[in-house]
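protein.cif follows (mmCIF, C-alpha atoms):
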data_target
loop_
_atom_site.label_atom_id
_atom_site.label_comp_id
_atom_site.auth_asym_id
_atom_site.auth_seq_id
_atom_site.Cartn_x
_atom_site.Cartn_y
_atom_site.Cartn_z
CA MET W 28 106.61 38.36 148.69
CA LYS W 29 106.78 35.78 151.46
CA ALA W 30 105.13 33.12 149.30
CA TRP W 31 107.83 33.51 146.65
CA LEU W 32 110.60 33.25 149.23
CA GLU W 33 109.46 29.78 150.25
CA PRO W 34 110.78 27.16 150.06
CA LEU W 35 113.94 28.40 148.29
CA PRO W 36 114.58 32.15 148.73
CA LEU W 37 117.36 32.47 146.17
CA VAL W 38 117.09 34.92 143.28
CA ALA W 39 118.98 33.98 140.11
CA ILE W 40 120.66 37.08 138.64
CA LEU W 41 121.19 36.30 134.96
CA ARG W 42 123.39 39.18 133.84
CA GLY W 43 124.43 38.75 130.22
CA LEU W 44 121.77 36.16 129.42
CA THR W 45 120.76 36.04 125.74
CA PRO W 46 117.26 35.20 124.51
CA GLU W 47 118.61 32.18 122.63
CA GLU W 48 119.85 30.49 125.82
CA SER W 49 117.21 31.84 128.19
CA VAL W 50 114.82 28.88 128.15
CA ASP W 51 117.53 26.24 128.66
CA VAL W 52 119.05 28.21 131.51
CA GLY W 53 115.62 28.81 133.00
CA HIS W 54 114.80 25.11 133.01
CA ALA W 55 118.19 24.37 134.60
CA LEU W 56 117.41 26.76 137.44
CA VAL W 57 113.86 25.70 138.16
CA GLY W 58 114.98 22.07 138.06
CA ALA W 59 117.13 22.86 141.09
CA GLY W 60 114.26 24.55 142.89
CA PHE W 61 114.79 28.21 141.97
CA ARG W 62 111.53 30.15 141.66
CA MET W 63 112.76 33.74 141.16
CA LEU W 64 114.72 34.81 138.10
CA GLU W 65 115.85 38.28 137.08
CA VAL W 66 117.38 39.38 133.79
CA PRO W 67 119.38 42.60 134.33
CA LEU W 68 118.52 45.26 131.80
CA ASN W 69 122.16 45.62 130.75
CA SER W 70 121.91 42.14 129.20
CA PRO W 71 121.41 41.60 125.45
CA ARG W 72 117.72 42.09 124.51
CA PRO W 73 116.55 41.61 128.10
CA PHE W 74 112.84 42.06 127.44
CA GLU W 75 112.89 39.27 124.88
CA SER W 76 114.62 36.99 127.38
CA ILE W 77 112.02 37.84 130.01
CA ARG W 78 109.22 37.12 127.55
CA ARG W 79 110.69 33.76 126.59
CA LEU W 80 111.20 32.76 130.23
CA VAL W 81 107.64 33.71 131.12
CA ASP W 82 106.24 31.81 128.13
CA ALA W 83 108.32 28.72 128.93
CA LEU W 84 107.95 28.60 132.71
CA GLY W 85 104.54 30.14 133.38
CA ASP W 86 103.02 31.76 136.42
CA ASN W 87 104.57 29.42 138.97
CA TYR W 88 107.79 31.42 138.79
CA LEU W 89 108.50 35.06 139.59
CA ILE W 90 110.38 36.42 136.59
CA GLY W 91 111.43 39.98 135.90
CA ALA W 92 114.24 42.44 135.44
CA GLY W 93 117.24 43.63 137.40
CA THR W 94 119.34 46.78 137.14
CA VAL W 95 116.16 48.80 136.62
CA LEU W 96 117.44 52.36 136.81
CA GLU W 97 114.50 54.44 135.56
CA PRO W 98 110.71 54.36 136.08
CA GLY W 99 110.11 54.23 132.33
CA TYR W 100 111.41 50.68 132.14
CA VAL W 101 108.62 49.37 134.35
CA LYS W 102 106.07 49.35 131.52
CA ASP W 103 108.47 47.47 129.26
CA ILE W 104 108.99 44.85 131.95
CA ALA W 105 105.26 44.42 132.47
CA ASP W 106 104.63 44.27 128.71
CA ALA W 107 107.14 41.42 128.49
CA GLY W 108 105.21 39.53 131.18
CA GLY W 109 107.65 40.28 133.98
CA ARG W 110 106.35 40.68 137.51
CA LEU W 111 109.56 41.54 139.37
CA VAL W 112 111.61 44.75 139.45
CA VAL W 113 115.03 44.57 141.10
CA MET W 114 117.26 47.60 141.45
CA PRO W 115 120.84 48.32 142.54
CA HIS W 116 119.66 51.50 144.26
CA ALA W 117 116.68 52.84 146.22
CA ASP W 118 115.16 55.36 143.81
CA VAL W 119 111.66 55.82 145.22
CA ALA W 120 110.34 56.88 141.79
CA VAL W 121 111.18 53.44 140.40
CA ILE W 122 109.69 51.71 143.43
CA ARG W 123 106.45 53.66 143.15
CA ALA W 124 106.21 53.03 139.40
CA ALA W 125 106.65 49.29 139.98
CA LYS W 126 103.98 49.18 142.66
CA GLN W 127 101.56 51.28 140.60
CA ALA W 128 101.98 48.72 137.81
CA GLY W 129 101.24 45.88 140.24
CA LEU W 130 104.77 44.43 140.17
CA TYR W 131 106.95 43.21 143.01
CA CYS W 132 109.88 45.50 143.75
CA VAL W 133 113.16 44.74 145.53
CA PRO W 134 115.40 47.84 145.65
CA GLY W 135 119.05 47.85 146.61
CA VAL W 136 119.91 49.54 149.89
CA ALA W 137 123.20 50.12 151.70
CA THR W 138 122.09 52.13 154.75
CA PRO W 139 119.16 52.12 157.19
CA THR W 140 118.08 55.49 155.78
CA GLU W 141 117.74 53.99 152.30
CA ALA W 142 116.03 50.90 153.72
CA PHE W 143 113.32 52.86 155.51
CA ALA W 144 112.77 55.18 152.54
CA ALA W 145 112.38 52.19 150.23
CA LEU W 146 109.88 50.53 152.56
CA ALA W 147 107.89 53.75 152.83
CA ALA W 148 107.70 53.85 149.02
CA GLY W 149 106.27 50.32 148.92
CA ALA W 150 109.24 47.97 148.55
CA ASP W 151 108.31 44.30 148.96
CA ALA W 152 111.76 43.24 150.19
CA LEU W 153 115.23 44.76 150.46
CA LYS W 154 118.39 43.88 148.56
CA LEU W 155 121.45 44.54 150.75
CA PHE W 156 123.89 45.62 148.07
CA PRO W 157 126.75 45.26 147.71
CA ALA W 158 127.01 42.69 150.46
CA GLU W 159 130.81 42.83 150.23
CA GLN W 160 130.57 46.41 151.52
CA ALA W 161 128.60 45.31 154.58
CA SER W 162 128.84 42.29 156.87
CA PRO W 163 126.56 39.96 158.82
CA ALA W 164 127.14 42.21 161.84
CA VAL W 165 125.70 45.14 159.90
CA LEU W 166 122.65 43.12 158.94
CA LYS W 167 122.17 42.03 162.55
CA ALA W 168 122.10 45.68 163.61
CA TRP W 169 119.57 46.48 160.88
CA ARG W 170 117.34 43.63 162.00
CA ALA W 171 117.04 45.24 165.43
CA VAL W 172 115.25 48.23 163.90
CA LEU W 173 113.64 47.04 160.67
CA PRO W 174 110.07 45.68 160.75
CA ALA W 175 110.21 42.01 161.67
CA GLY W 176 108.47 40.80 158.53
CA VAL W 177 110.77 42.54 156.05
CA ALA W 178 112.95 40.17 154.03
CA VAL W 179 116.53 41.35 153.52
CA LEU W 180 118.46 39.58 150.76
CA PRO W 181 122.23 40.11 150.64
CA VAL W 182 123.59 40.32 147.09
CA GLY W 183 127.24 40.33 146.03
CA GLY W 184 129.91 37.77 146.74
CA ILE W 185 127.51 35.11 148.01
CA SER W 186 128.72 31.53 147.69
CA PRO W 187 127.43 28.18 148.99
CA ASP W 188 130.05 28.39 151.75
CA ASN W 189 129.35 31.84 153.21
CA MET W 190 125.58 31.81 153.62
CA GLY W 191 125.64 30.66 157.25
CA PRO W 192 126.77 33.87 159.00
CA TRP W 193 124.30 35.93 156.94
CA LEU W 194 121.47 33.57 157.79
CA ALA W 195 122.36 33.74 161.49
CA ALA W 196 122.27 37.55 161.24
CA GLY W 197 118.75 37.55 159.84
CA ALA W 198 119.03 37.18 156.05
CA LYS W 199 115.88 35.71 154.52
CA GLY W 200 117.47 34.77 151.21
CA PHE W 201 120.11 35.82 148.71
CA GLY W 202 120.59 37.12 145.21
CA ILE W 203 123.09 34.98 143.30
CA GLY W 204 124.94 36.39 140.30
CA SER W 205 128.15 35.31 138.59
CA SER W 206 128.70 32.37 140.95
CA LEU W 207 125.59 30.88 139.39
CA TYR W 208 125.38 32.18 135.83
CA ALA W 209 127.89 34.01 133.63
CA PRO W 210 127.90 34.59 129.87
CA GLY W 211 129.14 31.52 128.03
CA ARG W 212 128.35 29.13 130.87
CA SER W 213 126.35 26.12 129.70
CA ALA W 214 122.90 25.29 131.02
CA GLY W 215 124.35 22.06 132.38
CA ASP W 216 126.97 23.95 134.37
CA VAL W 217 124.28 26.34 135.65
CA ALA W 218 122.21 23.34 136.74
CA VAL W 219 125.10 21.96 138.80
CA ARG W 220 125.80 25.31 140.42
CA ALA W 221 122.11 25.89 141.12
CA ARG W 222 121.87 22.56 142.91
CA GLU W 223 124.96 23.41 144.99
CA PHE W 224 123.33 26.65 146.12
CA ALA W 225 119.99 24.99 146.85
CA ASP W 226 121.66 22.22 148.85
CA ALA W 227 123.76 24.76 150.75
CA TRP W 228 120.66 26.73 151.70
CA GLN W 229 119.05 23.63 153.18
CA ARG W 230 122.22 22.69 155.07
CA HIS W 231 122.54 26.14 156.57
CA LEU W 232 118.88 26.09 157.64
CA VAL W 233 119.48 22.83 159.47
CA SER W 234 122.65 24.15 161.10
CA GLN W 235 120.70 27.20 162.32
CA GLY W 236 118.04 24.96 163.82
CA SER W 237 115.35 25.83 161.28
CA PRO W 238 113.32 23.15 159.51
CA ALA W 239 114.69 22.22 156.08
#
Is it possible to express this structure as structure tokens?
Amino acid sequence: MKAWLEPLPLVAILRGLTPEESVDVGHALVGAGFRMLEVPLNSPRPFESIRRLVDALGDNYLIGAGTVLEPGYVKDIADAGGRLVVMPHADVAVIRAAKQAGLYCVPGVATPTEAFAALAAGADALKLFPAEQASPAVLKAWRAVLPAGVAVLPVGGISPDNMGPWLAAGAKGFGIGSSLYAPGRSAGDVAVRAREFADAWQRHLVSQGSPA
């Protein structure tokens, strides 16, 4: 997973994306440097959108599904060409199904108990969700006990302006939802927002003393 988190560890959460707009939105995102895109399964015809994104963007991008609630969806994701399974919860059955299929899996966790259970089941990274329910101080406490190499990505309420405290607490990236894409938003608007997030990430890295 580390290779996909460099150089821009931001996951685009495209809830509500339609197949007809998927390619234009995808190009807008990758033009700003995004490399990881997820289409939540409660979007219209999500597997078709995933297939179109994979066909248009190729293997240089990690594309898959979010809001994966049941193990049975893993095969559908893989059949569409997806390689990423993102979840709002830490159901170990889904994690194991994803790993058995050779896909990357990022489950949602809200407690250390869930985090360690997800890692034991094979999770590649952790989605701290919802981030609004936690705080950078919570993440800092987690980082004291989690394995050093585990990437934790806060998701929920992330904006270009509030990344800094999370990064200082040990976040290794973020999932970005409605602040980036929302149904009805044009690809041009998404491109502008994507660039704002990418630029903010680089600024926060510099402010934390990390190389941009």
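Nearest to Gly202 in chain W of all the residues W:Ala150, W:Val133, W:Ala227, W:Leu84 is W:Val133, based on all atoms listed in the file.
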Distance query Ala142 in chain W at most 8 Å, all atoms listed in the file, self and fewer than 6 positions along chain excluded, as JSON, numbers by chain:
{"W": [117, 136, 153]}
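Computed from the coordinates, the CA of Tyr100 in chain W to CA of Gly204 in chain W distance equals 21.3 Å.
The spacing separating CA of Gly211 in chain W from CA of Pro187 in chain W amounts to 21.3 Å.
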Restrict the calculation to all atoms listed in the file, then for each residue of range 187-231 of chain W with any atom at most 12 Å from an atom of range 66-77 of chain W give the closest atom pair and their distance in Å to one decimal, rows by chain and rising residue number, as CSV.
residue,atom,partner,partner_atom,distance
W:Ile203,CA,W:Val66,CA,11.9
W:Gly204,CA,W:Pro67,CA,10.3
W:Tyr208,CA,W:Val66,CA,11.0
W:Ala209,CA,W:Ser70,CA,11.0
W:Pro210,CA,W:Ser70,CA,9.7
Which residues are close to Glu159 in chain W, i.e. within 10 Å by all atoms listed in the file, leaving aside same-chain residues fewer than 5 positions away? Reply as a PDB file with C-alpha atoms, in the frame of the given file.
ATOM      1  CA  PRO W 181     122.230  40.110 150.640  1.00  0.00           C
ATOM      2  CA  VAL W 182     123.590  40.320 147.090  1.00  0.00           C
ATOM      3  CA  GLY W 183     127.240  40.330 146.030  1.00  0.00           C
ATOM      4  CA  GLY W 184     129.910  37.770 146.740  1.00  0.00           C
ATOM      5  CA  ILE W 185     127.510  35.110 148.010  1.00  0.00           C
TER       6      ILE W 185
END
Could you list the residues chosen by the PyMOL selection byres ((chain W and resi 198) around 12) in this structure as a PyMOL selection string?
chain W and resi 32+36-37+152-155+158+162-170+175-182+185+189-197+199-202+228+231-232+235
On this file, the PyMOL selection byres ((chain W and resi 104-115) around 10) gives some set of residues; write that set as a ChimeraX atom specification.
/W:40,63-68,73-82,85-86,88-97,99-103,116-118,121-122,124-126,128-137,150,152-157,182
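You can rank W:Ala161, W:Ala214, W:Ala225, W:Leu146 by their closest distance to Leu44 in chain W using only C-alpha atoms, and at the top of that list sits W:Ala214.
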Find the distance between CA of Thr140 in chain W and CA of Gln127 in chain W and write it in Å to one decimal.
22.8 Å
Choose the residue, out of W:Thr138, W:Ala39, W:Ala171, W:Gln160, that has the smallest atom-to-atom separation from Phe224 in chain W; count all atoms listed in the file.
W:Ala39
Pick the closest to Val50 in chain W from W:Ala83, W:Ala147, W:Met28, W:Arg212: which is it, counting all atoms listed in the file?
W:Ala83
Any chance you could work out the residue set of the PyMOL selection byres ((chain W and resi 59) around 12) here, as a PyMOL selection string?
chain W and resi 34-35+37+39+52-58+60-63+207+214-228
Would you mind writing range 149-162 of chain W with N, CA and C atoms, as an mmCIF file, in the frame of the given file?
data_model
loop_
_atom_site.group_PDB
_atom_site.id
_atom_site.type_symbol
_atom_site.label_atom_id
_atom_site.label_comp_id
_atom_site.auth_asym_id
_atom_site.auth_seq_id
_atom_site.Cartn_x
_atom_site.Cartn_y
_atom_site.Cartn_z
ATOM 1 N N GLY W 149 107.015 51.514 149.302
ATOM 2 C CA GLY W 149 106.270 50.320 148.920
ATOM 3 C C GLY W 149 107.087 49.104 148.595
ATOM 4 N N ALA W 150 108.393 49.111 148.869
ATOM 5 C CA ALA W 150 109.240 47.970 148.550
ATOM 6 C C ALA W 150 108.715 46.692 149.197
ATOM 7 N N ASP W 151 108.800 45.592 148.457
ATOM 8 C CA ASP W 151 108.310 44.300 148.960
ATOM 9 C C ASP W 151 109.371 43.551 149.752
ATOM 10 N N ALA W 152 110.632 43.819 149.468
ATOM 11 C CA ALA W 152 111.760 43.240 150.190
ATOM 12 C C ALA W 152 112.948 44.163 149.924
ATOM 13 N N LEU W 153 114.058 43.905 150.600
ATOM 14 C CA LEU W 153 115.230 44.760 150.460
ATOM 15 C C LEU W 153 116.426 43.934 150.002
ATOM 16 N N LYS W 154 117.154 44.490 149.068
ATOM 17 C CA LYS W 154 118.390 43.880 148.560
ATOM 18 C C LYS W 154 119.559 44.605 149.220
ATOM 19 N N LEU W 155 120.281 43.942 150.112
ATOM 20 C CA LEU W 155 121.450 44.540 150.750
ATOM 21 C C LEU W 155 122.603 44.458 149.760
ATOM 22 N N PHE W 156 122.960 45.606 149.188
ATOM 23 C CA PHE W 156 123.890 45.620 148.070
ATOM 24 C C PHE W 156 124.834 46.823 148.145
ATOM 25 N N PRO W 157 126.122 46.574 147.873
ATOM 26 C CA PRO W 157 126.750 45.260 147.710
ATOM 27 C C PRO W 157 127.058 44.637 149.057
ATOM 28 N N ALA W 158 126.802 43.351 149.171
ATOM 29 C CA ALA W 158 127.010 42.690 150.460
ATOM 30 C C ALA W 158 128.473 42.720 150.880
ATOM 31 N N GLU W 159 129.386 42.770 149.897
ATOM 32 C CA GLU W 159 130.810 42.830 150.230
ATOM 33 C C GLU W 159 131.149 44.105 151.008
ATOM 34 N N GLN W 160 130.322 45.128 150.838
ATOM 35 C CA GLN W 160 130.570 46.410 151.520
ATOM 36 C C GLN W 160 130.053 46.385 152.951
ATOM 37 N N ALA W 161 129.190 45.430 153.245
ATOM 38 C CA ALA W 161 128.600 45.310 154.580
ATOM 39 C C ALA W 161 129.177 44.071 155.264
ATOM 40 N N SER W 162 128.426 43.496 156.162
ATOM 41 C CA SER W 162 128.840 42.290 156.870
ATOM 42 C C SER W 162 127.625 41.731 157.582
#
